[in-house]
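What follows is my_file18.cif (mmCIF, C-alpha atoms).
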```cif
data_input
#
loop_
_atom_site.label_atom_id
_atom_site.label_comp_id
_atom_site.auth_asym_id
_atom_site.auth_seq_id
_atom_site.Cartn_x
_atom_site.Cartn_y
_atom_site.Cartn_z
CA MET A 1 0.00 0.00 0.00
CA SER A 2 1.25 3.48 -0.75
CA ASP A 3 1.63 6.11 1.94
CA GLN A 4 -1.18 7.97 0.28
CA THR A 5 -3.62 5.08 0.72
CA GLU A 6 -2.74 4.70 4.37
CA ALA A 7 -3.09 8.41 4.98
CA ALA A 8 -6.60 8.34 3.52
CA VAL A 9 -7.96 6.17 6.36
CA ALA A 10 -7.50 7.66 9.80
CA PRO A 11 -9.81 8.34 12.70
CA VAL A 12 -10.66 11.92 13.61
CA GLN A 13 -8.15 13.22 16.15
CA ALA A 14 -8.59 13.48 19.91
CA PHE A 15 -9.58 17.08 20.69
CA GLU A 16 -9.05 18.93 23.95
CA PRO A 17 -12.07 18.21 26.23
CA PRO A 18 -14.73 19.28 26.73
CA TYR A 19 -16.37 18.65 23.38
CA TYR A 20 -19.39 16.63 22.28
CA VAL A 21 -19.91 13.36 20.46
CA ALA A 22 -23.13 12.27 18.75
CA VAL A 23 -22.98 8.49 18.41
CA PHE A 24 -25.43 7.13 15.84
CA THR A 25 -25.63 3.32 15.64
CA ALA A 26 -27.99 1.99 12.98
CA VAL A 27 -29.17 -1.09 11.16
CA PRO A 28 -29.90 -0.06 7.56
CA THR A 29 -32.81 -1.46 5.58
CA GLU A 30 -32.13 -2.92 2.15
CA ASP A 31 -33.69 0.17 0.56
CA ARG A 32 -30.80 2.49 -0.35
CA SER A 33 -32.69 4.55 -2.95
CA GLY A 34 -31.89 8.22 -2.46
CA TYR A 35 -29.68 7.49 0.54
CA GLY A 36 -26.32 8.25 -1.13
CA GLU A 37 -27.39 11.67 -2.39
CA THR A 38 -28.98 12.65 0.93
CA ASN A 39 -25.99 11.42 2.91
CA ALA A 40 -23.58 13.41 0.71
CA ARG A 41 -25.77 16.49 1.12
CA MET A 42 -25.81 16.07 4.93
CA GLU A 43 -22.02 15.68 4.96
CA ASP A 44 -21.73 19.01 3.14
CA LEU A 45 -24.37 20.72 5.25
CA VAL A 46 -22.96 19.76 8.65
CA LYS A 47 -19.63 21.34 7.68
CA GLU A 48 -21.38 24.71 7.65
CA VAL A 49 -22.27 24.38 11.34
CA PRO A 50 -19.87 26.50 13.46
CA GLY A 51 -18.22 24.17 15.95
CA TYR A 52 -18.53 21.02 13.83
CA LEU A 53 -15.20 19.19 14.22
CA GLY A 54 -15.57 16.12 12.00
CA ALA A 55 -17.02 12.61 11.91
CA ASP A 56 -15.94 8.97 11.88
CA HIS A 57 -17.92 6.26 10.13
CA ALA A 58 -17.71 2.47 9.92
CA GLN A 59 -20.10 -0.10 8.52
CA THR A 60 -20.03 -3.86 8.76
CA PRO A 61 -21.35 -5.29 5.48
CA GLY A 62 -24.88 -6.54 6.13
CA GLY A 63 -24.60 -5.35 9.72
CA LEU A 64 -24.30 -2.35 11.95
CA SER A 65 -23.41 1.15 10.80
CA ILE A 66 -21.84 3.56 13.31
CA THR A 67 -21.33 7.28 12.75
CA VAL A 68 -19.67 9.45 15.40
CA GLY A 69 -19.94 13.21 14.93
CA TYR A 70 -17.67 15.55 16.91
CA PHE A 71 -18.84 19.03 17.95
CA ARG A 72 -17.13 21.77 19.96
CA ASP A 73 -20.14 22.52 22.19
CA ALA A 74 -23.83 21.89 22.82
CA ASP A 75 -24.80 24.95 20.73
CA ALA A 76 -23.23 23.41 17.63
CA LEU A 77 -25.25 20.24 18.18
CA THR A 78 -28.45 22.21 18.74
CA GLN A 79 -27.92 24.08 15.50
CA TRP A 80 -27.34 20.87 13.54
CA ARG A 81 -30.27 19.17 15.23
CA SER A 82 -32.67 21.99 14.33
CA ASN A 83 -31.58 22.33 10.70
CA ALA A 84 -34.72 21.91 8.58
CA GLU A 85 -33.06 19.93 5.79
CA HIS A 86 -31.44 17.63 8.37
CA ARG A 87 -34.81 17.07 10.04
CA ALA A 88 -36.40 16.14 6.72
CA ALA A 89 -33.55 13.68 6.08
CA GLN A 90 -34.06 12.12 9.53
CA GLU A 91 -37.73 11.68 8.83
CA ARG A 92 -36.99 9.99 5.52
CA GLY A 93 -34.42 7.80 7.32
CA ARG A 94 -37.08 6.51 9.69
CA ALA A 95 -39.52 5.95 6.83
CA GLU A 96 -37.11 4.26 4.40
CA TRP A 97 -33.48 3.72 5.33
CA TYR A 98 -33.28 2.43 8.90
CA GLN A 99 -34.52 -0.75 10.48
CA SER A 100 -33.50 0.57 13.89
CA TYR A 101 -31.10 3.08 15.37
CA THR A 102 -29.91 4.58 18.62
CA LEU A 103 -28.51 8.07 19.19
CA HIS A 104 -26.31 8.90 22.19
CA VAL A 105 -25.29 12.55 22.71
CA ALA A 106 -22.44 12.87 25.19
CA LYS A 107 -19.92 15.35 26.58
CA VAL A 108 -16.33 14.17 26.28
CA GLU A 109 -14.36 14.26 29.51
CA ARG A 110 -11.21 12.47 28.42
CA SER A 111 -9.59 11.54 25.11
CA HIS A 112 -6.33 10.37 23.65
CA GLY A 113 -4.92 9.21 20.36
CA PHE A 114 -2.27 6.81 19.16
CA LYS A 115 -0.43 6.78 15.87
CA ARG A 116 2.20 4.23 14.87
CA ALA A 117 5.57 5.88 14.39
CA MET E 1 -33.90 -12.96 5.14
CA SER E 2 -35.56 -14.68 8.06
CA ASP E 3 -36.82 -12.80 11.11
CA GLN E 4 -34.13 -14.53 13.12
CA THR E 5 -31.36 -13.07 10.97
CA GLU E 6 -32.77 -9.57 11.27
CA ALA E 7 -33.13 -9.88 15.04
CA ALA E 8 -29.47 -10.83 15.38
CA VAL E 9 -28.26 -7.38 14.28
CA ALA E 10 -29.47 -4.52 16.45
CA PRO E 11 -27.76 -1.61 18.14
CA VAL E 12 -27.52 -1.52 21.93
CA GLN E 13 -30.54 0.29 23.33
CA ALA E 14 -30.75 3.88 24.53
CA PHE E 15 -30.36 3.86 28.32
CA GLU E 16 -31.63 6.48 30.76
CA PRO E 17 -28.94 9.21 31.07
CA PRO E 18 -26.56 9.77 32.64
CA TYR E 19 -24.31 6.90 31.53
CA TYR E 20 -20.94 6.74 29.82
CA VAL E 21 -19.73 5.86 26.35
CA ALA E 22 -16.17 4.90 25.44
CA VAL E 23 -15.78 5.49 21.70
CA PHE E 24 -12.80 3.66 20.21
CA THR E 25 -12.10 4.44 16.54
CA ALA E 26 -9.19 2.52 15.02
CA VAL E 27 -7.37 1.69 11.84
CA PRO E 28 -6.20 -1.94 12.12
CA THR E 29 -2.85 -3.10 10.78
CA GLU E 30 -2.76 -6.12 8.49
CA ASP E 31 -1.39 -8.24 11.36
CA ARG E 32 -4.36 -10.04 12.90
CA SER E 33 -2.35 -12.81 14.60
CA GLY E 34 -3.67 -13.36 18.11
CA TYR E 35 -6.23 -10.60 17.74
CA GLY E 36 -9.33 -12.81 17.56
CA GLU E 37 -8.52 -14.72 20.75
CA THR E 38 -7.62 -11.57 22.69
CA ASN E 39 -10.71 -9.75 21.47
CA ALA E 40 -12.96 -12.66 22.48
CA ARG E 41 -11.29 -12.75 25.91
CA MET E 42 -11.81 -8.98 26.36
CA GLU E 43 -15.48 -9.34 25.39
CA ASP E 44 -15.88 -11.95 28.13
CA LEU E 45 -13.85 -10.02 30.68
CA VAL E 46 -15.66 -6.69 30.31
CA LYS E 47 -18.97 -8.44 31.06
CA GLU E 48 -17.66 -9.06 34.58
CA VAL E 49 -17.34 -5.33 35.24
CA PRO E 50 -20.29 -4.13 37.38
CA GLY E 51 -22.01 -1.36 35.45
CA TYR E 52 -20.99 -2.59 31.98
CA LEU E 53 -24.06 -2.17 29.78
CA GLY E 54 -22.98 -3.49 26.39
CA ALA E 55 -21.10 -2.52 23.23
CA ASP E 56 -21.69 -1.80 19.56
CA HIS E 57 -19.13 -2.54 16.87
CA ALA E 58 -18.82 -1.84 13.15
CA GLN E 59 -15.95 -2.25 10.75
CA THR E 60 -15.59 -1.10 7.18
CA PRO E 61 -13.58 -3.73 5.26
CA GLY E 62 -10.08 -2.32 4.77
CA GLY E 63 -11.07 0.78 6.68
CA LEU E 64 -12.11 2.14 10.02
CA SER E 65 -13.22 0.05 12.99
CA ILE E 66 -15.47 1.66 15.62
CA THR E 67 -16.34 0.13 18.99
CA VAL E 68 -18.65 1.93 21.40
CA GLY E 69 -18.79 0.59 24.96
CA TYR E 70 -21.62 1.62 27.29
CA PHE E 71 -21.08 1.91 31.06
CA ARG E 72 -23.42 2.96 33.87
CA ASP E 73 -20.92 5.28 35.58
CA ALA E 74 -17.34 6.50 35.73
CA ASP E 75 -16.44 3.85 38.32
CA ALA E 76 -17.28 1.06 35.89
CA LEU E 77 -14.99 2.63 33.30
CA THR E 78 -12.19 3.09 35.82
CA GLN E 79 -12.44 -0.55 36.78
CA TRP E 80 -12.27 -1.70 33.17
CA ARG E 81 -9.46 0.72 32.40
CA SER E 82 -7.32 -0.55 35.28
CA ASN E 83 -7.86 -4.27 34.60
CA ALA E 84 -4.39 -5.81 34.22
CA GLU E 85 -5.32 -8.19 31.44
CA HIS E 86 -7.03 -5.37 29.55
CA ARG E 87 -3.93 -3.19 29.93
CA ALA E 88 -1.73 -5.95 28.54
CA ALA E 89 -4.11 -6.31 25.57
CA GLN E 90 -3.98 -2.55 24.93
CA GLU E 91 -0.20 -2.65 24.95
CA ARG E 92 -0.18 -5.51 22.44
CA GLY E 93 -2.71 -3.56 20.35
CA ARG E 94 -0.33 -0.62 20.08
CA ALA E 95 2.59 -2.93 19.27
CA GLU E 96 0.83 -5.13 16.71
CA TRP E 97 -2.80 -4.57 15.82
CA TYR E 98 -3.42 -0.84 15.35
CA GLN E 99 -2.05 1.63 12.86
CA SER E 100 -3.77 4.43 14.74
CA TYR E 101 -6.67 4.93 17.10
CA THR E 102 -8.55 7.53 19.11
CA LEU E 103 -10.45 7.04 22.36
CA HIS E 104 -13.17 9.44 23.50
CA VAL E 105 -14.72 8.90 26.94
CA ALA E 106 -17.95 10.84 27.36
CA LYS E 107 -20.95 11.25 29.66
CA VAL E 108 -24.26 10.80 27.88
CA GLU E 109 -26.73 13.65 28.38
CA ARG E 110 -29.42 12.64 25.90
CA SER E 111 -30.35 9.50 24.00
CA HIS E 112 -33.14 7.96 22.04
CA GLY E 113 -33.87 4.93 19.93
CA PHE E 114 -35.98 4.04 16.94
CA LYS E 115 -37.26 0.67 15.86
CA ARG E 116 -39.34 0.01 12.77
CA ALA E 117 -42.78 -1.28 13.69
#
```

Could you take the file, read its structure, and then write that structure out as structure tokens?
Amino acid sequence: MSDQTEAAVAPVQAFEPPYYVAVFTAVPTEDRSGYGETNARMEDLVKEVPGYLGADHAQTPGGLSITVGYFRDADALTQWRSNAEHRAAQERGRAEWYQSYTLHVAKVERSHGFKRA
Amino acid sequence: MSDQTEAAVAPVQAFEPPYYVAVFTAVPTEDRSGYGETNARMEDLVKEVPGYLGADHAQTPGGLSITVGYFRDADALTQWRSNAEHRAAQERGRAEWYQSYTLHVAKVERSHGFKRA
């Protein structure tokens, strides 16, 4: 693997606490119609929220999907949560794209990172 | 797919806040020797910690792995964090199994779940 390939996959860094995480664990349905476009739009839109720090995502094929969003403070999360386009996407998610999901919003007290030398 | 298959994949439920999440996002190395056994042992061991509530895991093939552990309080996390066998496994993880990782420990303030009827 080239250095470039390895650099492309890395978790979001550990920030200085306090900051917030929004942990979204979901089981997708088999209906993916419209999901890709909406997801890409949400990824663009959340970047406009002041205090948005980034997100990590992993998905087991045929299994669980986990997205962790990082936010500087509760205000940033409130702004993202109340965004009208985001709310419409959430509603469509419940109607079409998710079998089940859980959301945990939490204030980070401690964090650290490791990177192989 | 049978109902049984669908029931097998579900995120851990939303608990009544406050509780804690430990979010571990990692990029694995290609060296998986010994990982499966150690991981299985850690999954057994953490269940012995009073206040351990469960864990969610997802992994993108060739990409990011995310594990979210749920704990009732900070004491439960401290106990798990100071477990000698767990510490030895973490050390081996840094030496062999992880290219990079980030750990975020956070207190949940708000949570909710959704399940398709």

Least-squares align chain E to chain A using all Cα atoms paired by position, then dump the moved coordinates as a short mmCIF file (atom, residue, chain, number, x, y, z; two decimals) with C-alpha atoms, in the frame of the given file.
```
data_model
loop_
_atom_site.label_atom_id
_atom_site.label_comp_id
_atom_site.auth_asym_id
_atom_site.auth_seq_id
_atom_site.Cartn_x
_atom_site.Cartn_y
_atom_site.Cartn_z
CA MET E 1 -0.22 -0.42 -0.19
CA SER E 2 1.14 3.03 -0.90
CA ASP E 3 1.64 5.64 1.81
CA GLN E 4 -1.11 7.66 0.18
CA THR E 5 -3.65 4.87 0.64
CA GLU E 6 -2.76 4.46 4.30
CA ALA E 7 -2.98 8.20 4.92
CA ALA E 8 -6.50 8.30 3.50
CA VAL E 9 -7.94 6.22 6.36
CA ALA E 10 -7.47 7.74 9.80
CA PRO E 11 -9.78 8.41 12.71
CA VAL E 12 -10.65 11.99 13.63
CA GLN E 13 -8.15 13.27 16.17
CA ALA E 14 -8.59 13.54 19.93
CA PHE E 15 -9.59 17.13 20.72
CA GLU E 16 -9.08 18.98 24.00
CA PRO E 17 -12.10 18.24 26.25
CA PRO E 18 -14.76 19.30 26.77
CA TYR E 19 -16.42 18.67 23.40
CA TYR E 20 -19.41 16.64 22.31
CA VAL E 21 -19.92 13.37 20.47
CA ALA E 22 -23.13 12.28 18.76
CA VAL E 23 -22.98 8.50 18.41
CA PHE E 24 -25.42 7.15 15.83
CA THR E 25 -25.60 3.34 15.62
CA ALA E 26 -27.96 1.99 12.96
CA VAL E 27 -29.11 -1.09 11.14
CA PRO E 28 -29.85 -0.06 7.53
CA THR E 29 -32.76 -1.48 5.57
CA GLU E 30 -32.10 -2.93 2.13
CA ASP E 31 -33.64 0.18 0.53
CA ARG E 32 -30.76 2.49 -0.36
CA SER E 33 -32.66 4.56 -2.95
CA GLY E 34 -31.88 8.24 -2.46
CA TYR E 35 -29.66 7.52 0.51
CA GLY E 36 -26.32 8.30 -1.15
CA GLU E 37 -27.39 11.73 -2.38
CA THR E 38 -28.99 12.69 0.95
CA ASN E 39 -25.99 11.46 2.91
CA ALA E 40 -23.59 13.45 0.71
CA ARG E 41 -25.78 16.55 1.15
CA MET E 42 -25.81 16.10 4.95
CA GLU E 43 -22.02 15.73 4.97
CA ASP E 44 -21.75 19.06 3.16
CA LEU E 45 -24.39 20.76 5.28
CA VAL E 46 -22.98 19.80 8.68
CA LYS E 47 -19.65 21.39 7.71
CA GLU E 48 -21.43 24.75 7.71
CA VAL E 49 -22.31 24.41 11.39
CA PRO E 50 -19.93 26.54 13.51
CA GLY E 51 -18.28 24.21 16.00
CA TYR E 52 -18.55 21.06 13.86
CA LEU E 53 -15.24 19.24 14.25
CA GLY E 54 -15.58 16.18 12.03
CA ALA E 55 -17.02 12.66 11.93
CA ASP E 56 -15.93 9.04 11.87
CA HIS E 57 -17.90 6.31 10.13
CA ALA E 58 -17.68 2.53 9.90
CA GLN E 59 -20.05 -0.04 8.49
CA THR E 60 -19.96 -3.80 8.71
CA PRO E 61 -21.28 -5.24 5.42
CA GLY E 62 -24.80 -6.51 6.10
CA GLY E 63 -24.53 -5.33 9.67
CA LEU E 64 -24.23 -2.34 11.91
CA SER E 65 -23.37 1.18 10.77
CA ILE E 66 -21.80 3.59 13.28
CA THR E 67 -21.31 7.32 12.73
CA VAL E 68 -19.67 9.47 15.38
CA GLY E 69 -19.95 13.24 14.94
CA TYR E 70 -17.69 15.58 16.92
CA PHE E 71 -18.88 19.06 17.98
CA ARG E 72 -17.18 21.79 20.01
CA ASP E 73 -20.20 22.53 22.23
CA ALA E 74 -23.88 21.90 22.85
CA ASP E 75 -24.85 24.94 20.76
CA ALA E 76 -23.28 23.42 17.66
CA LEU E 77 -25.29 20.24 18.20
CA THR E 78 -28.50 22.18 18.77
CA GLN E 79 -27.96 24.05 15.54
CA TRP E 80 -27.39 20.86 13.58
CA ARG E 81 -30.32 19.15 15.27
CA SER E 82 -32.72 21.96 14.37
CA ASN E 83 -31.62 22.31 10.73
CA ALA E 84 -34.76 21.89 8.60
CA GLU E 85 -33.10 19.94 5.83
CA HIS E 86 -31.46 17.63 8.38
CA ARG E 87 -34.83 17.05 10.06
CA ALA E 88 -36.41 16.13 6.73
CA ALA E 89 -33.55 13.68 6.09
CA GLN E 90 -34.04 12.10 9.53
CA GLU E 91 -37.73 11.66 8.83
CA ARG E 92 -36.98 9.97 5.50
CA GLY E 93 -34.41 7.80 7.30
CA ARG E 94 -37.06 6.49 9.68
CA ALA E 95 -39.50 5.92 6.81
CA GLU E 96 -37.08 4.25 4.39
CA TRP E 97 -33.45 3.72 5.31
CA TYR E 98 -33.24 2.41 8.88
CA GLN E 99 -34.48 -0.78 10.46
CA SER E 100 -33.45 0.54 13.85
CA TYR E 101 -31.07 3.05 15.34
CA THR E 102 -29.88 4.57 18.60
CA LEU E 103 -28.49 8.06 19.19
CA HIS E 104 -26.32 8.90 22.19
CA VAL E 105 -25.30 12.53 22.71
CA ALA E 106 -22.45 12.86 25.19
CA LYS E 107 -19.94 15.35 26.60
CA VAL E 108 -16.36 14.18 26.29
CA GLU E 109 -14.38 14.26 29.54
CA ARG E 110 -11.21 12.48 28.44
CA SER E 111 -9.60 11.57 25.13
CA HIS E 112 -6.35 10.43 23.66
CA GLY E 113 -4.91 9.27 20.38
CA PHE E 114 -2.25 6.89 19.18
CA LYS E 115 -0.40 6.87 15.90
CA ARG E 116 2.23 4.34 14.89
CA ALA E 117 5.60 5.99 14.42
#
```

Please tabulate, as CSV, the residues of chain A that come within 10 Å of chain E, each with its closest pair of atoms and the distance in Å to one decimal, counting all atoms listed in the file and ordering rows by chain, then residue number upward.
```
residue,atom,partner,partner_atom,distance
A:Glu6,CA,E:Gln99,CA,9.1
A:Ala8,CA,E:Gly63,CA,9.3
A:Val9,CA,E:Gly63,CA,6.2
A:Ala10,CA,E:Val27,CA,6.3
A:Pro11,CA,E:Thr25,CA,5.9
A:Val12,CA,E:Thr102,CA,7.3
A:Gln13,CA,E:Thr102,CA,6.4
A:Ala14,CA,E:Thr102,CA,6.0
A:Phe15,CA,E:His104,CA,8.9
A:Pro17,CA,E:His104,CA,9.3
A:Pro18,CA,E:Ala106,CA,9.1
A:Tyr19,CA,E:Ala106,CA,8.9
A:Tyr20,CA,E:Ala106,CA,7.8
A:Val21,CA,E:Ala106,CA,7.6
A:Ala22,CA,E:Val108,CA,9.3
A:Val23,CA,E:Val68,CA,8.4
A:Phe24,CA,E:Pro11,CA,9.3
A:Thr25,CA,E:Pro11,CA,5.9
A:Ala26,CA,E:Pro11,CA,6.3
A:Val27,CA,E:Ala10,CA,6.3
A:Pro28,CA,E:Ala10,CA,10.0
A:Thr29,CA,E:Arg116,CA,9.8
A:Asp56,CA,E:Thr25,CA,7.5
A:His57,CA,E:Leu64,CA,7.1
A:Ala58,CA,E:Thr60,CA,5.0
A:Gln59,CA,E:Thr60,CA,4.8
A:Thr60,CA,E:Gln59,CA,4.8
A:Pro61,CA,E:Thr60,CA,7.3
A:Gly62,CA,E:Val9,CA,8.9
A:Gly63,CA,E:Val9,CA,6.2
A:Leu64,CA,E:Ala58,CA,5.6
A:Ser65,CA,E:Ala58,CA,6.0
A:Ile66,CA,E:Ala58,CA,6.2
A:Thr67,CA,E:Ile66,CA,8.6
A:Val68,CA,E:Val23,CA,8.4
A:Arg94,CA,E:Arg116,CA,7.5
A:Ala95,CA,E:Arg116,CA,8.4
A:Glu96,CA,E:Arg116,CA,9.6
A:Tyr98,CA,E:Arg116,CA,7.6
A:Gln99,CA,E:Arg116,CA,5.4
A:Ser100,CA,E:Lys115,CA,4.2
A:Tyr101,CA,E:Phe114,CA,5.2
A:Thr102,CA,E:Gly113,CA,4.2
A:Leu103,CA,E:Ser111,CA,5.3
A:His104,CA,E:Ser111,CA,4.5
A:Val105,CA,E:Arg110,CA,5.2
A:Ala106,CA,E:Val108,CA,3.9
A:Lys107,CA,E:Ala106,CA,5.0
A:Val108,CA,E:Ala106,CA,3.9
A:Glu109,CA,E:Ala106,CA,5.4
A:Arg110,CA,E:Val105,CA,5.2
A:Ser111,CA,E:His104,CA,4.5
A:His112,CA,E:Leu103,CA,5.5
A:Gly113,CA,E:Thr102,CA,4.2
A:Phe114,CA,E:Tyr101,CA,5.2
A:Lys115,CA,E:Ser100,CA,4.2
A:Arg116,CA,E:Gln99,CA,5.4
A:Ala117,CA,E:Gln99,CA,8.9
```

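Straight-line separation from CA of Gly36 in chain A to CA of Gly69 in chain A: 18.0 Å.
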
Which residues come within 10 Å of Met42 in chain E, counting all atoms listed in the file, excluding same-chain residues fewer than 5 positions away, as a short mmCIF file (atom, residue, chain, number, x, y, z; two decimals) with C-alpha atoms, keeping the file's coordinate frame?
```
data_model
loop_
_atom_site.label_atom_id
_atom_site.label_comp_id
_atom_site.auth_asym_id
_atom_site.auth_seq_id
_atom_site.Cartn_x
_atom_site.Cartn_y
_atom_site.Cartn_z
CA GLY E 36 -9.33 -12.81 17.56
CA GLU E 37 -8.52 -14.72 20.75
CA LYS E 47 -18.97 -8.44 31.06
CA TRP E 80 -12.27 -1.70 33.17
CA GLU E 85 -5.32 -8.19 31.44
CA HIS E 86 -7.03 -5.37 29.55
CA ALA E 89 -4.11 -6.31 25.57
#
```

- Mind giving me the straight-line distance from CA of Asp31 in chain A to CA of Gln90 in chain A in Å, one decimal?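 Value for the CA of Asp31 in chain A-CA of Gln90 in chain A distance: 14.9 Å.
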
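Note that CA of Ala88 in chain A and CA of Asp44 in chain A are 15.4 Å apart.
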
- Task: Would you list the contacts of Gly51 in chain A as a list in words, taking every protein, DNA or RNA residue within 8 Å and counting all atoms listed in the file, but skipping same-chain residues closer than 4 positions in sequence?
- Result: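 Once the adjacent positions are removed, what remains is Phe71, Arg72, Asp73 and Ala76 of chain A.
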
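When only C-alpha atoms are used to measure the gap to Asn83 in chain E, the shortest distance among E:Glu30, E:Leu45, E:Tyr52, E:Trp97 belongs to E:Leu45.
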